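Trainee: Here it is: the structure, laid out below.
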Amino acid sequence: MRLLPGHLPIEQQRHLVAALRVILDRAPLYHPVLPRSGSPYSVRMSNCGPLGWLSDRNGYRYSPTHPLTGEPWPAIPPMVLDLWQAATGAAFPPEACLINYYGPTARLGLHRDQDEAAKEAPILSISLGDTALFRLGGPERKSPTRSVKLSSGDLVVLSGASRHWYHGVDRILPGTSQLLAEGGRFNLTLRRVTPP
């Protein structure tokens, strides 16, 4: 795992949030559900890019369309593609940008990203808004974990061995950023889905 603290200056963060608002007007946030139980996530989600990650009673998968509107996902903003290139150095573009919105009580349990055929491609995470307590484990669910604070403007790259590590979000620290008028945190997760 590579942490790039404060990589995005505040002005760039504001531009990115403005771009997100345009995306979310076309592809609104929604509450996905867990496949087995049908219980809703505490996190609200949307996507941009050719493919979007979905979780519903049919399982986890990637789809070219929004599950509620049936419309194609909006394009990934150029500034986000530039961040992918700068942070990962990958010679290929991401195909999916998952947009997670964490309200003050939202969390995300330990999991690893394994729904992609491009299993060796890096993953980029971009934090915007309130600080999150990010939980990073190892290759097994029972591996020891550590807590990392992710603040607005921080980037995380999971590549190599860490690409397959368990990770999650323990909680959000409300009031730690003034970036979002509504408070909370946006996290963008960029992934390559198909082999380049």
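Going by the structure tokens order, chains are called A, B, ..., each with residues numbered from 1, while ligands are numbered from 1 in the order shown.
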I need the strand (DSSP E or B) residues of region 73-109 of chain A per DSSP on the backbone, written as a list in words.
Mentor: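 Residues meeting the strand (DSSP E or B) criterion: Ala96, Cys97, Leu98, Ile99, Asn100, Tyr101, Tyr102, Leu108 and Gly109 of chain A.
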Trainee: Would you write out those residues with C-alpha atoms, as an mmCIF file, in the first residue's frame?
Mentor:
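again35.cif was written with the following content:
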data_model
loop_
_atom_site.group_PDB
_atom_site.id
_atom_site.type_symbol
_atom_site.label_atom_id
_atom_site.label_comp_id
_atom_site.auth_asym_id
_atom_site.auth_seq_id
_atom_site.Cartn_x
_atom_site.Cartn_y
_atom_site.Cartn_z
ATOM 1 C CA ALA A 96 -14.606 1.805 -13.305
ATOM 2 C CA CYS A 97 -14.750 4.611 -10.769
ATOM 3 C CA LEU A 98 -16.888 3.623 -7.784
ATOM 4 C CA ILE A 99 -18.236 6.649 -5.908
ATOM 5 C CA ASN A 100 -18.976 5.914 -2.244
ATOM 6 C CA TYR A 101 -20.626 8.513 -0.026
ATOM 7 C CA TYR A 102 -20.166 8.011 3.722
ATOM 8 C CA LEU A 108 -17.632 -0.541 5.272
ATOM 9 C CA GLY A 109 -16.639 -3.965 6.577
#
Trainee: Contacts between region 37-48 of chain A and region 66-156 of chain A, please, where a residue of region 66-156 of chain A counts if it comes within 12 Å (with only C-alpha atoms); show its shortest atom pair and distance in Å to one decimal, rows by chain and ascending number, as CSV.
Mentor:
residue,atom,partner,partner_atom,distance
A:His66,CA,A:Ser46,CA,7.8
A:Pro67,CA,A:Ser46,CA,9.4
A:Leu68,CA,A:Ser46,CA,10.4
A:Thr69,CA,A:Ser46,CA,11.3
A:Glu71,CA,A:Cys48,CA,11.3
A:Pro72,CA,A:Cys48,CA,8.7
A:Trp73,CA,A:Cys48,CA,5.0
A:Pro74,CA,A:Cys48,CA,5.0
A:Ala75,CA,A:Cys48,CA,5.5
A:Ile76,CA,A:Cys48,CA,5.3
A:Pro77,CA,A:Cys48,CA,8.5
A:Pro78,CA,A:Cys48,CA,11.7
A:Val80,CA,A:Cys48,CA,10.6
A:Leu81,CA,A:Cys48,CA,11.5
A:Pro94,CA,A:Cys48,CA,10.5
A:Glu95,CA,A:Cys48,CA,8.7
A:Ala96,CA,A:Cys48,CA,6.3
A:Cys97,CA,A:Cys48,CA,5.2
A:Leu98,CA,A:Asn47,CA,4.5
A:Ile99,CA,A:Ser46,CA,5.0
A:Asn100,CA,A:Met45,CA,4.6
A:Tyr101,CA,A:Arg44,CA,5.2
A:Tyr102,CA,A:Val43,CA,5.3
A:Gly103,CA,A:Val43,CA,7.2
A:Pro104,CA,A:Ser42,CA,10.0
A:Thr105,CA,A:Ser42,CA,7.7
A:Ala106,CA,A:Ser42,CA,4.9
A:Arg107,CA,A:Ser42,CA,6.4
A:Leu108,CA,A:Val43,CA,7.3
A:Gly109,CA,A:Tyr41,CA,9.8
Trainee: Please produce an output containing N, CA and C atoms for each residue in the selection, written as a compact mmCIF listing (two decimals), in the first residue's frame.
Mentor:
# COMPACT_ATOMS: atom_id res chain seq x y z
N HIS A 66 -26.60 2.15 -14.85
CA HIS A 66 -27.06 2.43 -13.49
C HIS A 66 -28.25 1.51 -13.18
N PRO A 67 -28.28 0.88 -11.99
CA PRO A 67 -29.34 -0.09 -11.70
C PRO A 67 -30.73 0.52 -11.56
N LEU A 68 -30.82 1.81 -11.24
CA LEU A 68 -32.14 2.44 -11.07
C LEU A 68 -32.60 3.17 -12.32
N THR A 69 -31.69 3.86 -13.00
CA THR A 69 -32.09 4.65 -14.17
C THR A 69 -31.99 3.85 -15.47
N GLU A 71 -29.54 3.95 -17.34
CA GLU A 71 -28.70 4.76 -18.24
C GLU A 71 -27.23 4.38 -18.10
N PRO A 72 -26.44 4.57 -19.16
CA PRO A 72 -24.99 4.35 -19.05
C PRO A 72 -24.39 5.27 -17.99
N TRP A 73 -23.33 4.80 -17.36
CA TRP A 73 -22.64 5.63 -16.38
C TRP A 73 -21.98 6.82 -17.08
N PRO A 74 -21.93 7.99 -16.44
CA PRO A 74 -21.19 9.12 -17.02
C PRO A 74 -19.70 8.79 -17.14
N ALA A 75 -19.01 9.55 -17.96
CA ALA A 75 -17.56 9.34 -18.16
C ALA A 75 -16.78 9.73 -16.91
N ILE A 76 -15.63 9.11 -16.74
CA ILE A 76 -14.71 9.50 -15.67
C ILE A 76 -14.11 10.86 -16.03
N PRO A 77 -14.14 11.84 -15.12
CA PRO A 77 -13.59 13.17 -15.44
C PRO A 77 -12.11 13.10 -15.80
N PRO A 78 -11.67 13.92 -16.76
CA PRO A 78 -10.26 13.91 -17.17
C PRO A 78 -9.29 14.11 -16.00
N VAL A 80 -9.57 13.08 -13.02
CA VAL A 80 -9.45 11.81 -12.29
C VAL A 80 -8.56 10.84 -13.07
N LEU A 81 -8.71 10.82 -14.38
CA LEU A 81 -7.83 9.99 -15.21
C LEU A 81 -6.37 10.44 -15.07
N PRO A 94 -8.26 3.25 -16.17
CA PRO A 94 -9.25 2.52 -15.38
C PRO A 94 -10.55 2.40 -16.18
N GLU A 95 -11.35 1.40 -15.84
CA GLU A 95 -12.65 1.23 -16.50
C GLU A 95 -13.81 1.55 -15.57
N ALA A 96 -13.54 1.58 -14.28
CA ALA A 96 -14.61 1.80 -13.31
C ALA A 96 -14.13 2.77 -12.24
N CYS A 97 -15.00 3.70 -11.89
CA CYS A 97 -14.75 4.61 -10.77
C CYS A 97 -15.97 4.53 -9.85
N LEU A 98 -15.82 3.76 -8.78
CA LEU A 98 -16.89 3.62 -7.78
C LEU A 98 -16.90 4.87 -6.91
N ILE A 99 -18.06 5.46 -6.74
CA ILE A 99 -18.24 6.65 -5.91
C ILE A 99 -19.00 6.22 -4.66
N ASN A 100 -18.33 6.23 -3.52
CA ASN A 100 -18.98 5.91 -2.24
C ASN A 100 -19.17 7.20 -1.46
N TYR A 101 -20.39 7.39 -0.93
CA TYR A 101 -20.63 8.51 -0.03
C TYR A 101 -20.88 7.96 1.37
N TYR A 102 -20.05 8.41 2.32
CA TYR A 102 -20.17 8.01 3.72
C TYR A 102 -20.78 9.15 4.51
N GLY A 103 -21.97 8.94 5.06
CA GLY A 103 -22.52 9.87 6.03
C GLY A 103 -21.82 9.69 7.36
N PRO A 104 -22.23 10.42 8.40
CA PRO A 104 -21.51 10.39 9.68
C PRO A 104 -21.47 9.02 10.35
N THR A 105 -22.44 8.15 10.08
CA THR A 105 -22.46 6.84 10.75
C THR A 105 -22.12 5.68 9.81
N ALA A 106 -21.77 5.98 8.57
CA ALA A 106 -21.51 4.92 7.60
C ALA A 106 -20.16 4.24 7.86
N ARG A 107 -20.09 2.99 7.47
CA ARG A 107 -18.84 2.23 7.56
C ARG A 107 -18.85 1.19 6.45
N LEU A 108 -17.73 0.51 6.28
CA LEU A 108 -17.63 -0.54 5.27
C LEU A 108 -16.76 -1.65 5.84
N GLY A 109 -17.34 -2.85 5.97
CA GLY A 109 -16.64 -3.97 6.58
C GLY A 109 -15.44 -4.42 5.77
Trainee: Using only C-alpha atoms, which residue out of A:Ala18, A:Leu8, A:Val169, A:Leu128 lies closest to Ala86 (chain A)?
Mentor: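 Among A:Ala18, A:Leu8, A:Val169, A:Leu128, it is A:Leu8 that comes nearest to Ala86 (chain A).
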Trainee: Per DSSP on the backbone, what are the alpha helix (DSSP H) residues of region 82-113 of chain A, as a PyMOL selection string?
Mentor: chain A and resi 82-88
Trainee: Got time to write the residues from that selection, C-alpha atoms, as an mmCIF file, in the first residue's frame?
Mentor:
data_model
loop_
_atom_site.group_PDB
_atom_site.id
_atom_site.type_symbol
_atom_site.label_atom_id
_atom_site.label_comp_id
_atom_site.auth_asym_id
_atom_site.auth_seq_id
_atom_site.Cartn_x
_atom_site.Cartn_y
_atom_site.Cartn_z
ATOM 1 C CA ASP A 82 -4.799 12.264 -14.765
ATOM 2 C CA LEU A 83 -4.637 11.335 -11.066
ATOM 3 C CA TRP A 84 -4.787 7.625 -11.980
ATOM 4 C CA GLN A 85 -1.865 8.027 -14.372
ATOM 5 C CA ALA A 86 0.208 10.126 -11.962
ATOM 6 C CA ALA A 87 -0.392 7.909 -8.907
ATOM 7 C CA THR A 88 -0.283 4.430 -10.464
#
Trainee: What's the separation between CA of Gly137 (chain A) and CA of Glu116 (chain A), in Å to one decimal place?
Mentor: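 Pair CA of Gly137 (chain A) / CA of Glu116 (chain A) returns 19.7 Å.
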Trainee: List the spatial neighbours of Gly59 (chain A) as a PyMOL selection string - criterion: any atom at most 9 Å away, only C-alpha atoms, same-chain residues fewer than 3 positions off excluded.
Mentor: chain A and resi 34-36+54-56
Trainee: Kindly save the residues from that selection, with N, CA and C atoms included, as an mmCIF file, in the first residue's frame.
Mentor:
data_model
loop_
_atom_site.group_PDB
_atom_site.id
_atom_site.type_symbol
_atom_site.label_atom_id
_atom_site.label_comp_id
_atom_site.auth_asym_id
_atom_site.auth_seq_id
_atom_site.Cartn_x
_atom_site.Cartn_y
_atom_site.Cartn_z
ATOM 1 N N LEU A 34 -26.740 -6.157 0.224
ATOM 2 C CA LEU A 34 -25.882 -7.338 0.277
ATOM 3 C C LEU A 34 -26.572 -8.512 -0.412
ATOM 4 N N PRO A 35 -25.821 -9.308 -1.183
ATOM 5 C CA PRO A 35 -26.450 -10.388 -1.952
ATOM 6 C C PRO A 35 -27.201 -11.408 -1.099
ATOM 7 N N ARG A 36 -26.612 -11.856 0.002
ATOM 8 C CA ARG A 36 -27.243 -12.941 0.772
ATOM 9 C C ARG A 36 -28.439 -12.474 1.590
ATOM 10 N N LEU A 54 -21.621 -3.142 -8.920
ATOM 11 C CA LEU A 54 -22.945 -3.295 -8.319
ATOM 12 C C LEU A 54 -22.937 -4.402 -7.280
ATOM 13 N N SER A 55 -23.793 -4.254 -6.278
ATOM 14 C CA SER A 55 -24.075 -5.308 -5.307
ATOM 15 C C SER A 55 -25.584 -5.353 -5.115
ATOM 16 N N ASP A 56 -26.180 -6.522 -5.391
ATOM 17 C CA ASP A 56 -27.619 -6.692 -5.178
ATOM 18 C C ASP A 56 -27.906 -8.166 -4.904
#
